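Everything below belongs to coords.tsv, which stores TSV, C-alpha atoms.
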chain	number	residue	atom	x	y	z
W	743	MET	CA	-2.92	19.58	-23.69
W	744	ASN	CA	-0.05	19.15	-21.28
W	745	THR	CA	-0.51	16.06	-19.13
W	746	ASN	CA	2.52	17.08	-17.05
W	747	LYS	CA	0.30	19.52	-15.22
W	748	ILE	CA	-2.06	16.88	-13.81
W	749	PRO	CA	-1.97	17.21	-10.01
W	750	ASP	CA	-0.34	14.39	-8.07
W	751	ILE	CA	-3.57	13.52	-6.27
W	752	ILE	CA	-5.29	12.83	-9.61
W	753	ILE	CA	-2.32	10.80	-10.87
W	754	GLY	CA	-2.75	8.71	-7.73
W	755	ARG	CA	-6.31	7.81	-8.75
W	756	LEU	CA	-5.55	6.96	-12.40
W	757	PRO	CA	-4.05	3.51	-11.65
W	758	VAL	CA	-7.23	2.68	-9.74
W	759	TYR	CA	-9.37	3.70	-12.73
W	760	LEU	CA	-7.11	1.69	-15.01
W	761	ARG	CA	-7.40	-1.42	-12.82
W	762	ALA	CA	-11.21	-1.16	-12.77
W	763	LEU	CA	-11.33	-0.65	-16.55
W	764	GLN	CA	-9.04	-3.63	-17.15
W	765	ARG	CA	-11.32	-5.82	-15.05
W	766	LEU	CA	-14.35	-4.63	-17.05
W	767	SER	CA	-12.43	-5.39	-20.23
W	768	GLU	CA	-11.59	-8.92	-19.01
W	769	LYS	CA	-15.33	-9.45	-18.64
W	770	GLY	CA	-15.83	-8.37	-22.26
W	771	ILE	CA	-17.43	-5.03	-21.37
W	772	LEU	CA	-16.70	-2.38	-24.02
W	773	THR	CA	-18.51	0.69	-22.71
W	774	THR	CA	-18.83	2.15	-19.23
W	775	SER	CA	-19.96	5.32	-17.48
W	776	SER	CA	-18.64	7.47	-14.67
W	777	GLN	CA	-21.58	6.14	-12.59
W	778	GLU	CA	-20.59	2.50	-13.17
W	779	LEU	CA	-16.90	3.19	-12.53
W	780	GLY	CA	-17.81	5.15	-9.42
W	781	GLU	CA	-19.78	2.25	-8.01
W	782	ILE	CA	-16.94	-0.18	-8.68
W	783	ILE	CA	-14.26	2.04	-7.18
W	784	GLY	CA	-16.18	3.89	-4.49
W	785	ILE	CA	-15.48	7.39	-5.82
W	786	SER	CA	-18.21	9.82	-6.91
W	787	ALA	CA	-19.13	9.88	-10.61
W	788	ALA	CA	-18.54	13.65	-10.62
W	789	GLN	CA	-14.98	13.18	-9.33
W	790	ILE	CA	-14.25	10.58	-11.99
W	791	ARG	CA	-15.62	12.78	-14.79
W	792	LYS	CA	-13.56	15.70	-13.51
W	793	ASP	CA	-10.37	13.62	-13.23
W	794	ILE	CA	-10.75	12.10	-16.68
W	795	SER	CA	-11.55	15.46	-18.28
W	796	GLN	CA	-8.13	16.68	-17.09
W	797	PHE	CA	-6.44	14.75	-19.85
W	798	GLY	CA	-8.78	15.33	-22.76
W	799	GLU	CA	-12.20	14.62	-24.22
W	800	PHE	CA	-13.54	11.13	-23.58
W	801	GLY	CA	-17.00	9.86	-24.35
W	802	LYS	CA	-20.04	12.05	-24.76
W	803	GLN	CA	-22.86	12.86	-22.39
W	804	GLY	CA	-25.18	9.88	-22.53
W	805	THR	CA	-22.97	7.53	-24.56
W	806	GLY	CA	-20.40	6.72	-21.87
W	807	TYR	CA	-16.71	5.90	-22.21
W	808	SER	CA	-15.14	3.39	-24.56
W	809	VAL	CA	-13.37	0.95	-22.22
W	810	PRO	CA	-10.55	-0.04	-24.65
W	811	PHE	CA	-9.90	3.57	-25.63
W	812	LEU	CA	-9.79	4.80	-22.04
W	813	ILE	CA	-7.49	1.90	-21.08
W	814	GLU	CA	-5.16	2.77	-23.95
W	815	ARG	CA	-5.10	6.44	-22.98
W	816	LEU	CA	-4.50	5.74	-19.27
W	817	ARG	CA	-1.73	3.24	-20.04
W	818	ASN	CA	-0.12	5.88	-22.21
W	819	ILE	CA	-0.41	8.63	-19.60
W	820	LEU	CA	0.91	6.41	-16.80
W	821	LYS	CA	3.63	5.13	-19.17
W	822	VAL	CA	2.66	1.51	-18.61
W	823	ASP	CA	2.05	0.93	-22.34
W	824	ARG	CA	5.59	-0.49	-22.13
W	825	VAL	CA	7.21	-2.98	-19.74
W	826	TRP	CA	9.40	-1.63	-16.94
W	827	GLU	CA	12.08	-3.90	-15.55
W	828	VAL	CA	12.08	-4.04	-11.75
W	829	VAL	CA	14.48	-5.42	-9.15
W	830	ILE	CA	13.58	-6.81	-5.73
W	831	VAL	CA	16.07	-6.17	-2.93
W	832	GLY	CA	15.59	-8.38	0.12
W	833	MET	CA	14.39	-11.97	-0.32
W	834	GLY	CA	12.54	-12.55	2.92
W	835	ASP	CA	8.88	-13.60	2.96
W	836	ILE	CA	7.67	-10.48	1.16
W	837	GLY	CA	10.45	-10.60	-1.43
W	838	HIS	CA	9.54	-14.20	-2.16
W	839	ALA	CA	5.84	-13.35	-2.43
W	840	LEU	CA	6.60	-10.50	-4.86
W	841	ALA	CA	8.95	-12.63	-6.98
W	842	ARG	CA	6.14	-15.16	-7.46
W	843	TYR	CA	3.29	-12.62	-7.66
W	844	ASN	CA	1.32	-12.86	-10.90
W	845	GLY	CA	-0.41	-9.49	-10.53
W	846	PHE	CA	2.23	-7.58	-12.53
W	847	ALA	CA	1.38	-9.15	-15.90
W	848	ASN	CA	-0.32	-6.73	-18.30
W	849	ARG	CA	0.21	-3.91	-15.86
W	850	GLY	CA	3.55	-2.68	-17.11
W	851	PHE	CA	6.12	-4.44	-14.93
W	852	HIS	CA	8.48	-7.38	-15.07
W	853	ILE	CA	10.71	-8.60	-12.26
W	854	ASN	CA	14.20	-8.66	-13.76
W	855	MET	CA	16.49	-9.59	-10.85
W	856	VAL	CA	16.33	-10.30	-7.13
W	857	PHE	CA	18.98	-9.62	-4.47
W	858	ASP	CA	19.82	-10.50	-0.90
W	859	ILE	CA	22.73	-9.94	1.46
W	860	ASP	CA	22.54	-13.34	3.21
W	861	PRO	CA	25.23	-15.79	1.98
W	862	GLN	CA	22.78	-18.64	2.72
W	863	LYS	CA	20.33	-17.20	0.19
W	864	ILE	CA	22.71	-15.95	-2.51
W	865	GLY	CA	22.76	-18.37	-5.45
W	866	GLN	CA	19.49	-20.05	-4.47
W	867	LYS	CA	16.54	-20.07	-6.85
W	868	VAL	CA	13.16	-18.40	-6.31
W	869	GLY	CA	10.94	-19.45	-9.18
W	870	GLU	CA	12.90	-18.50	-12.30
W	871	TYR	CA	15.24	-16.15	-10.44
W	872	GLU	CA	18.66	-16.77	-8.96
W	873	ILE	CA	19.22	-14.65	-5.87
W	874	TYR	CA	22.15	-12.32	-6.54
W	875	ASP	CA	24.56	-10.90	-4.01
W	876	ILE	CA	23.58	-7.37	-3.02
W	877	ALA	CA	27.27	-6.48	-3.45
W	878	THR	CA	26.73	-6.80	-7.22
W	879	LEU	CA	23.59	-4.67	-7.17
W	880	ALA	CA	25.02	-1.35	-8.39
W	881	GLU	CA	26.82	-2.89	-11.35
W	882	ARG	CA	23.88	-5.03	-12.43
W	883	ILE	CA	21.35	-2.20	-12.14
W	884	LYS	CA	23.58	0.17	-14.12
W	885	GLN	CA	24.31	-2.43	-16.79
W	886	ASN	CA	20.62	-3.15	-17.27
W	887	LYS	CA	19.57	0.51	-16.96
W	888	ILE	CA	16.90	-0.42	-14.42
W	889	LYS	CA	14.92	2.45	-12.94
W	890	ILE	CA	12.54	0.75	-10.47
W	891	ALA	CA	13.21	-1.22	-7.28
W	892	MET	CA	11.03	-2.89	-4.66
W	893	LEU	CA	12.76	-2.62	-1.31
W	894	THR	CA	11.93	-5.45	1.09
W	895	VAL	CA	14.83	-5.30	3.55
W	896	PRO	CA	14.44	-4.70	7.31
W	897	ALA	CA	13.75	-1.14	8.48
W	898	THR	CA	17.22	-0.95	10.04
W	899	THR	CA	19.02	-1.30	6.69
W	900	ALA	CA	16.40	0.33	4.45
W	901	GLN	CA	18.02	3.77	4.22
W	902	GLU	CA	21.53	2.53	3.38
W	903	THR	CA	20.08	0.16	0.78
W	904	ALA	CA	17.99	2.96	-0.71
W	905	ASP	CA	21.15	5.08	-0.94
W	906	MET	CA	22.85	2.27	-2.90
W	907	LEU	CA	19.85	2.00	-5.22
W	908	VAL	CA	19.75	5.74	-5.90
W	909	LYS	CA	23.49	5.80	-6.59
W	910	ALA	CA	23.00	2.95	-9.09
W	911	GLY	CA	20.40	4.96	-11.02
W	912	ILE	CA	17.10	3.83	-9.50
W	913	LYS	CA	14.43	6.54	-9.84
W	914	ALA	CA	11.41	4.88	-8.21
W	915	ILE	CA	11.35	2.80	-5.01
W	916	LEU	CA	8.42	0.82	-3.72
W	917	ASN	CA	9.36	0.61	-0.06
W	918	TYR	CA	8.07	-2.30	2.03
W	919	ALA	CA	10.34	-1.52	4.98
W	920	PRO	CA	8.26	0.08	7.76
W	921	THR	CA	10.26	3.31	7.78
W	922	SER	CA	10.51	6.55	5.82
W	923	LEU	CA	13.32	7.03	3.30
W	924	ASN	CA	15.35	10.10	2.42
W	925	VAL	CA	15.92	10.33	-1.30
W	926	PRO	CA	17.18	13.19	-3.47
W	927	PRO	CA	14.84	15.23	-5.71
W	928	GLY	CA	13.94	13.31	-8.86
W	929	VAL	CA	13.57	9.99	-7.04
W	930	ARG	CA	10.04	8.87	-6.13
W	931	VAL	CA	9.13	6.66	-3.19
W	932	GLN	CA	5.85	4.87	-2.50
W	933	HIS	CA	5.30	3.05	0.76
W	934	ILE	CA	3.55	-0.24	1.39
W	935	ASP	CA	3.20	-0.72	5.12
W	936	PRO	CA	0.20	-2.76	6.24
W	937	ALA	CA	0.24	-1.31	9.78
W	938	THR	CA	0.01	2.24	8.40
W	939	HIS	CA	-2.89	1.24	6.16
W	940	LEU	CA	-4.67	-0.45	9.06
W	941	GLN	CA	-4.15	2.63	11.25
W	942	ARG	CA	-5.91	4.75	8.62
W	943	MET	CA	-9.01	2.64	9.28
W	944	THR	CA	-8.99	2.15	13.06
W	945	TYR	CA	-9.63	5.89	13.49
W	946	TYR	CA	-13.12	5.23	12.11
W	947	LEU	CA	-13.84	2.08	14.16
W	948	ASP	CA	-15.72	1.98	17.48
N	666	MET	CA	-11.90	19.92	20.26
N	667	ASN	CA	-13.71	17.36	18.16
N	668	THR	CA	-11.27	15.00	16.47
N	669	ASN	CA	-14.12	13.46	14.47
N	670	LYS	CA	-13.98	16.43	12.16
N	671	ILE	CA	-10.39	15.84	11.01
N	672	PRO	CA	-10.45	15.46	7.20
N	673	ASP	CA	-9.71	12.02	5.81
N	674	ILE	CA	-6.62	13.25	3.99
N	675	ILE	CA	-5.06	14.37	7.28
N	676	ILE	CA	-6.02	11.10	9.00
N	677	GLY	CA	-4.13	9.39	6.19
N	678	ARG	CA	-0.93	11.23	7.12
N	679	LEU	CA	-1.15	10.65	10.89
N	680	PRO	CA	0.05	7.00	10.75
N	681	VAL	CA	3.10	8.20	8.81
N	682	TYR	CA	3.85	10.81	11.49
N	683	LEU	CA	3.35	8.18	14.17
N	684	ARG	CA	5.74	5.76	12.45
N	685	ALA	CA	8.43	8.45	12.15
N	686	LEU	CA	7.97	9.47	15.79
N	687	GLN	CA	8.19	5.86	16.97
N	688	ARG	CA	11.45	5.43	15.09
N	689	LEU	CA	12.83	8.61	16.70
N	690	SER	CA	11.71	7.26	20.07
N	691	GLU	CA	13.49	3.93	19.45
N	692	LYS	CA	16.66	5.95	18.94
N	693	GLY	CA	16.12	7.62	22.33
N	694	ILE	CA	15.15	11.00	20.86
N	695	LEU	CA	12.71	12.87	23.12
N	696	THR	CA	12.12	16.11	21.26
N	697	THR	CA	11.58	16.89	17.60
N	698	SER	CA	10.45	19.72	15.34
N	699	SER	CA	8.19	20.00	12.31
N	700	GLN	CA	11.39	20.65	10.31
N	701	GLU	CA	13.01	17.41	11.45
N	702	LEU	CA	9.83	15.37	10.94
N	703	GLY	CA	9.38	16.95	7.54
N	704	GLU	CA	12.87	15.92	6.46
N	705	ILE	CA	12.30	12.34	7.63
N	706	ILE	CA	8.91	12.00	5.98
N	707	GLY	CA	9.30	14.23	2.93
N	708	ILE	CA	6.38	16.53	3.77
N	709	SER	CA	6.76	20.29	4.34
N	710	ALA	CA	7.20	21.48	7.92
N	711	ALA	CA	4.27	23.87	7.42
N	712	GLN	CA	1.98	20.99	6.41
N	713	ILE	CA	3.01	18.98	9.46
N	714	ARG	CA	2.41	21.93	11.82
N	715	LYS	CA	-0.99	22.52	10.23
N	716	ASP	CA	-1.98	18.85	10.45
N	717	ILE	CA	-0.87	18.50	14.06
N	718	SER	CA	-2.59	21.73	15.09
N	719	GLN	CA	-5.91	20.18	13.93
N	720	PHE	CA	-6.05	18.08	17.04
N	721	GLY	CA	-4.82	20.48	19.68
N	722	GLU	CA	-1.88	22.41	21.04
N	723	PHE	CA	1.46	20.64	20.85
N	724	GLY	CA	4.84	22.09	21.62
N	725	LYS	CA	5.66	25.76	21.49
N	726	GLN	CA	7.34	27.88	18.89
N	727	GLY	CA	11.05	27.23	19.31
N	728	THR	CA	10.84	24.36	21.79
N	729	GLY	CA	9.58	21.66	19.42
N	730	TYR	CA	7.35	18.68	20.09
N	731	SER	CA	7.69	16.15	22.89
N	732	VAL	CA	8.13	12.84	21.05
N	733	PRO	CA	6.54	10.62	23.75
N	734	PHE	CA	3.60	12.99	24.22
N	735	LEU	CA	2.90	13.28	20.49
N	736	ILE	CA	3.16	9.48	20.11
N	737	GLU	CA	0.68	9.01	22.95
N	738	ARG	CA	-1.74	11.52	21.44
N	739	LEU	CA	-1.52	10.05	17.91
N	740	ARG	CA	-1.97	6.50	19.21
N	741	ASN	CA	-5.05	7.71	21.05
N	742	ILE	CA	-6.52	9.55	18.05
N	743	LEU	CA	-5.86	6.62	15.70
N	744	LYS	CA	-7.20	4.22	18.37
N	745	VAL	CA	-4.04	2.14	18.32
N	746	ASP	CA	-3.42	2.66	22.05
N	747	ARG	CA	-5.12	-0.75	22.23
N	748	VAL	CA	-4.54	-4.02	20.34
N	749	TRP	CA	-6.92	-4.88	17.50
N	750	GLU	CA	-7.35	-8.53	16.63
N	751	VAL	CA	-7.03	-9.20	12.89
N	752	VAL	CA	-7.78	-12.20	10.66
N	753	ILE	CA	-6.00	-13.14	7.44
N	754	VAL	CA	-8.13	-14.73	4.73
N	755	GLY	CA	-6.14	-16.49	2.01
N	756	MET	CA	-2.91	-18.26	2.92
N	757	GLY	CA	-0.94	-17.96	-0.30
N	758	ASP	CA	2.48	-16.31	-0.40
N	759	ILE	CA	1.23	-12.94	0.84
N	760	GLY	CA	-0.91	-14.48	3.58
N	761	HIS	CA	2.11	-16.43	4.79
N	762	ALA	CA	4.29	-13.31	4.70
N	763	LEU	CA	1.71	-11.36	6.73
N	764	ALA	CA	1.24	-14.17	9.28
N	765	ARG	CA	4.99	-14.09	9.96
N	766	TYR	CA	5.42	-10.32	9.62
N	767	ASN	CA	6.89	-8.72	12.74
N	768	GLY	CA	5.96	-5.14	11.77
N	769	PHE	CA	2.63	-5.16	13.62
N	770	ALA	CA	4.12	-5.27	17.12
N	771	ASN	CA	3.66	-2.00	19.05
N	772	ARG	CA	1.53	-0.65	16.25
N	773	GLY	CA	-1.86	-1.77	17.50
N	774	PHE	CA	-2.49	-5.08	15.75
N	775	HIS	CA	-2.33	-8.79	16.45
N	776	ILE	CA	-3.04	-11.58	13.99
N	777	ASN	CA	-5.69	-13.71	15.68
N	778	MET	CA	-6.64	-16.34	13.08
N	779	VAL	CA	-5.83	-17.31	9.49
N	780	PHE	CA	-8.12	-18.95	6.92
N	781	ASP	CA	-7.96	-20.69	3.57
N	782	ILE	CA	-10.39	-22.55	1.32
N	783	ASP	CA	-7.89	-25.18	0.10
N	784	PRO	CA	-8.36	-28.59	1.84
N	785	GLN	CA	-4.60	-29.18	1.39
N	786	LYS	CA	-3.85	-26.12	3.52
N	787	ILE	CA	-6.61	-26.35	6.15
N	788	GLY	CA	-5.22	-27.74	9.40
N	789	GLN	CA	-1.61	-26.96	8.50
N	790	LYS	CA	0.47	-24.67	10.68
N	791	VAL	CA	1.93	-21.29	9.71
N	792	GLY	CA	4.11	-20.17	12.59
N	793	GLU	CA	1.86	-20.29	15.62
N	794	TYR	CA	-1.34	-20.38	13.56
N	795	GLU	CA	-3.42	-23.33	12.40
N	796	ILE	CA	-5.05	-22.59	9.06
N	797	TYR	CA	-8.83	-22.72	9.55
N	798	ASP	CA	-11.43	-23.65	6.98
N	799	ILE	CA	-12.98	-20.55	5.41
N	800	ALA	CA	-16.36	-22.26	5.91
N	801	THR	CA	-15.94	-21.58	9.65
N	802	LEU	CA	-14.99	-17.94	9.11
N	803	ALA	CA	-18.33	-16.28	9.88
N	804	GLU	CA	-18.82	-18.14	13.14
N	805	ARG	CA	-15.26	-17.63	14.38
N	806	ILE	CA	-15.23	-13.91	13.52
N	807	LYS	CA	-18.57	-13.34	15.25
N	808	GLN	CA	-17.55	-15.34	18.31
N	809	ASN	CA	-14.34	-13.37	18.69
N	810	LYS	CA	-15.96	-10.03	17.76
N	811	ILE	CA	-13.20	-9.34	15.26
N	812	LYS	CA	-13.52	-6.13	13.26
N	813	ILE	CA	-10.48	-6.18	10.94
N	814	ALA	CA	-9.50	-8.54	8.12
N	815	MET	CA	-6.62	-8.72	5.66
N	816	LEU	CA	-7.89	-10.16	2.41
N	817	THR	CA	-5.26	-12.05	0.41
N	818	VAL	CA	-7.41	-14.23	-1.87
N	819	PRO	CA	-7.30	-14.08	-5.71
N	820	ALA	CA	-9.07	-11.18	-7.43
N	821	THR	CA	-11.72	-13.56	-8.80
N	822	THR	CA	-13.00	-14.51	-5.34
N	823	ALA	CA	-12.25	-11.26	-3.51
N	824	GLN	CA	-15.75	-9.76	-3.71
N	825	GLU	CA	-17.60	-12.86	-2.49
N	826	THR	CA	-15.08	-13.27	0.35
N	827	ALA	CA	-15.46	-9.59	1.28
N	828	ASP	CA	-19.25	-10.09	1.37
N	829	MET	CA	-18.79	-12.99	3.83
N	830	LEU	CA	-16.49	-10.87	5.98
N	831	VAL	CA	-18.90	-7.95	6.09
N	832	LYS	CA	-21.78	-10.26	6.97
N	833	ALA	CA	-19.68	-11.67	9.82
N	834	GLY	CA	-19.17	-8.19	11.28
N	835	ILE	CA	-15.86	-7.07	9.77
N	836	LYS	CA	-15.67	-3.26	9.56
N	837	ALA	CA	-12.23	-2.72	8.03
N	838	ILE	CA	-10.63	-4.68	5.18
N	839	LEU	CA	-7.05	-4.40	4.04
N	840	ASN	CA	-7.42	-5.71	0.50
N	841	TYR	CA	-4.40	-7.32	-1.20
N	842	ALA	CA	-6.45	-8.67	-4.12
N	843	PRO	CA	-5.80	-6.54	-7.21
N	844	THR	CA	-9.43	-5.48	-7.59
N	845	SER	CA	-11.86	-2.98	-6.13
N	846	LEU	CA	-14.42	-4.11	-3.55
N	847	ASN	CA	-18.03	-3.05	-3.03
N	848	VAL	CA	-18.80	-2.71	0.65
N	849	PRO	CA	-21.74	-1.11	2.44
N	850	PRO	CA	-21.45	2.27	4.23
N	851	GLY	CA	-19.71	1.91	7.57
N	852	VAL	CA	-17.15	-0.57	6.23
N	853	ARG	CA	-13.71	0.81	5.31
N	854	VAL	CA	-11.41	-0.64	2.67
N	855	GLN	CA	-7.74	0.11	2.07
N	856	HIS	CA	-5.94	-1.37	-0.91
N	857	ILE	CA	-2.43	-2.72	-1.13
N	858	ASP	CA	-1.63	-3.41	-4.76
N	859	PRO	CA	2.04	-3.11	-5.74
N	860	ALA	CA	1.24	-2.59	-9.44
N	861	THR	CA	-1.00	0.38	-8.63
N	862	HIS	CA	1.70	1.90	-6.42
N	863	LEU	CA	4.31	1.39	-9.14
N	864	GLN	CA	2.02	3.00	-11.73
N	865	ARG	CA	1.78	6.12	-9.56
N	866	MET	CA	5.53	6.50	-10.06
N	867	THR	CA	6.05	5.57	-13.72
N	868	TYR	CA	4.09	8.67	-14.73
N	869	TYR	CA	7.06	10.70	-13.47
N	870	LEU	CA	9.80	8.58	-15.07
N	871	ASP	CA	11.45	9.23	-18.42
Rewrite the coordinates I just gave you, this time as structure tokens.
Amino acid sequence: MNTNKIPDIIIGRLPVYLRALQRLSEKGILTTSSQELGEIIGISAAQIRKDISQFGEFGKQGTGYSVPFLIERLRNILKVDRVWEVVIVGMGDIGHALARYNGFANRGFHINMVFDIDPQKIGQKVGEYEIYDIATLAERIKQNKIKIAMLTVPATTAQETADMLVKAGIKAILNYAPTSLNVPPGVRVQHIDPATHLQRMTYYLD
Amino acid sequence: MNTNKIPDIIIGRLPVYLRALQRLSEKGILTTSSQELGEIIGISAAQIRKDISQFGEFGKQGTGYSVPFLIERLRNILKVDRVWEVVIVGMGDIGHALARYNGFANRGFHINMVFDIDPQKIGQKVGEYEIYDIATLAERIKQNKIKIAMLTVPATTAQETADMLVKAGIKAILNYAPTSLNVPPGVRVQHIDPATHLQRMTYYLD
């Protein structure tokens, strides 16, 4: 079976399944069902069964899914059965919060380096990290063969910084700047913009 | 035309269109096309035309869209032609970053109050905000008829805090805790979890 053919919309749900399964596992739960997962996540059991069946046979009617096995398989499919090194570019409030965030452990990511352009910040420490000069970004990223960046610079400089990252070999950008980014084919961008997320909900409010 | 029938997946894209249009507007640009928007956002021009046509007639073949008019219409549809008051619950790093975030201005949201459970934090100031005791949350939210909360507490206490928020009348939760939430029908949840967003991209990396 070729997992490369899984549609993007399903890939988008797999990390949510994985997170729910990992929380069940932390509670010592070894078996689950599409019904239980559906209630946790807020997606229909039928949708979950359909999504999971896309990448092979799991569980049997009536016996449910093995939590550790499904976690292992999802981590493998999403390629987070390894640790990806990540850089943070922009050490404002959000950059600081991400550098100290403990939610990456066991989820496939490790913050490797952090950068800023402000001479007042360069050389300072944030937790275990020394803030590096953004001027050294390309060299350091290339040297360390890093593929993933979190971009937490202002919207006004986000595109030029993204261009630098792409040139240095970055293939995935988690963009916290409240603006869209143009990147060449082969580079992925995900956006985290609280106002956009809030606006998806106000439509439904009275 | 009944905008209540717009599918959720299209509603999810409208804030992204709005953000791109507002950035064009800031640059003094008064007219755009589905091609130009598509290049900015990374969505096909055909998809954009189809989405926009869901809620009425905009622009004409060859003349493009009026940026101010489309902004006005999108703000109206998404109900961000008003200002929604928002509370932040949990004043750790992310709560602090959100309280000081300047990306909500002109996008329909205003932080009204911030809360924490830690006696060391209660009463302290974050920017213009005094951190209130979470024990006073229900009363303050009801009194101020607030509908929207950003939840930035640890995963372990996220569900019980969400239950308190829902009981107090909150109808939309932007959840930063890395866990799913059970909420009753009529309450919307959006998740911001950087690890989940990163995992959506690693699937495509070599």
Interface residues on chain N facing chain W, 6 Å, all atoms listed in the file, written as a ChimeraX atom specification
/N:677,680,706,743-744,758-759,762,769,845,860-861,865,867-868
(message) When you look at region 785-797 of chain N with a cut-off of 9 Å (counting all atoms listed in the file), what residues show up, excluding the ones that are within fewer than 5 positions of it in the same chain? I need them as a ChimeraX atom specification.
(response) /N:756,761,764-765,776-780,802
Do you have the CA of Leu816 (chain W)-CA of Ile888 (chain W) distance handy?
->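 Between these atoms lies a distance of 22.8 Å.
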Worksheet entry | Separation of CA of Asp875 (chain W) from CA of Lys909 (chain W), in Å and rounded to one decimal |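 The value is 16.9 Å.
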Mind giving me the axis-aligned box for region 908-927 of chain W with 8 Å on every side, centre plus edges in Å to one decimal, as lines of an AutoDock Vina configuration file?
center_x = 15.8
center_y = 6.5
center_z = -1.6
size_x = 31.4
size_y = 33.5
size_z = 34.8
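The interatomic distance for the pair CA of Lys887 (chain W) and CA of Asn844 (chain W) works out to 23.4 Å.
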- [ ] Please identify all polymer residues within 6 Å of region 692-697 of chain N, counting only C-alpha atoms, omitting same-chain residues fewer than 5 positions from it, and present them as a PyMOL selection string.
- [x] chain N and resi 729-732
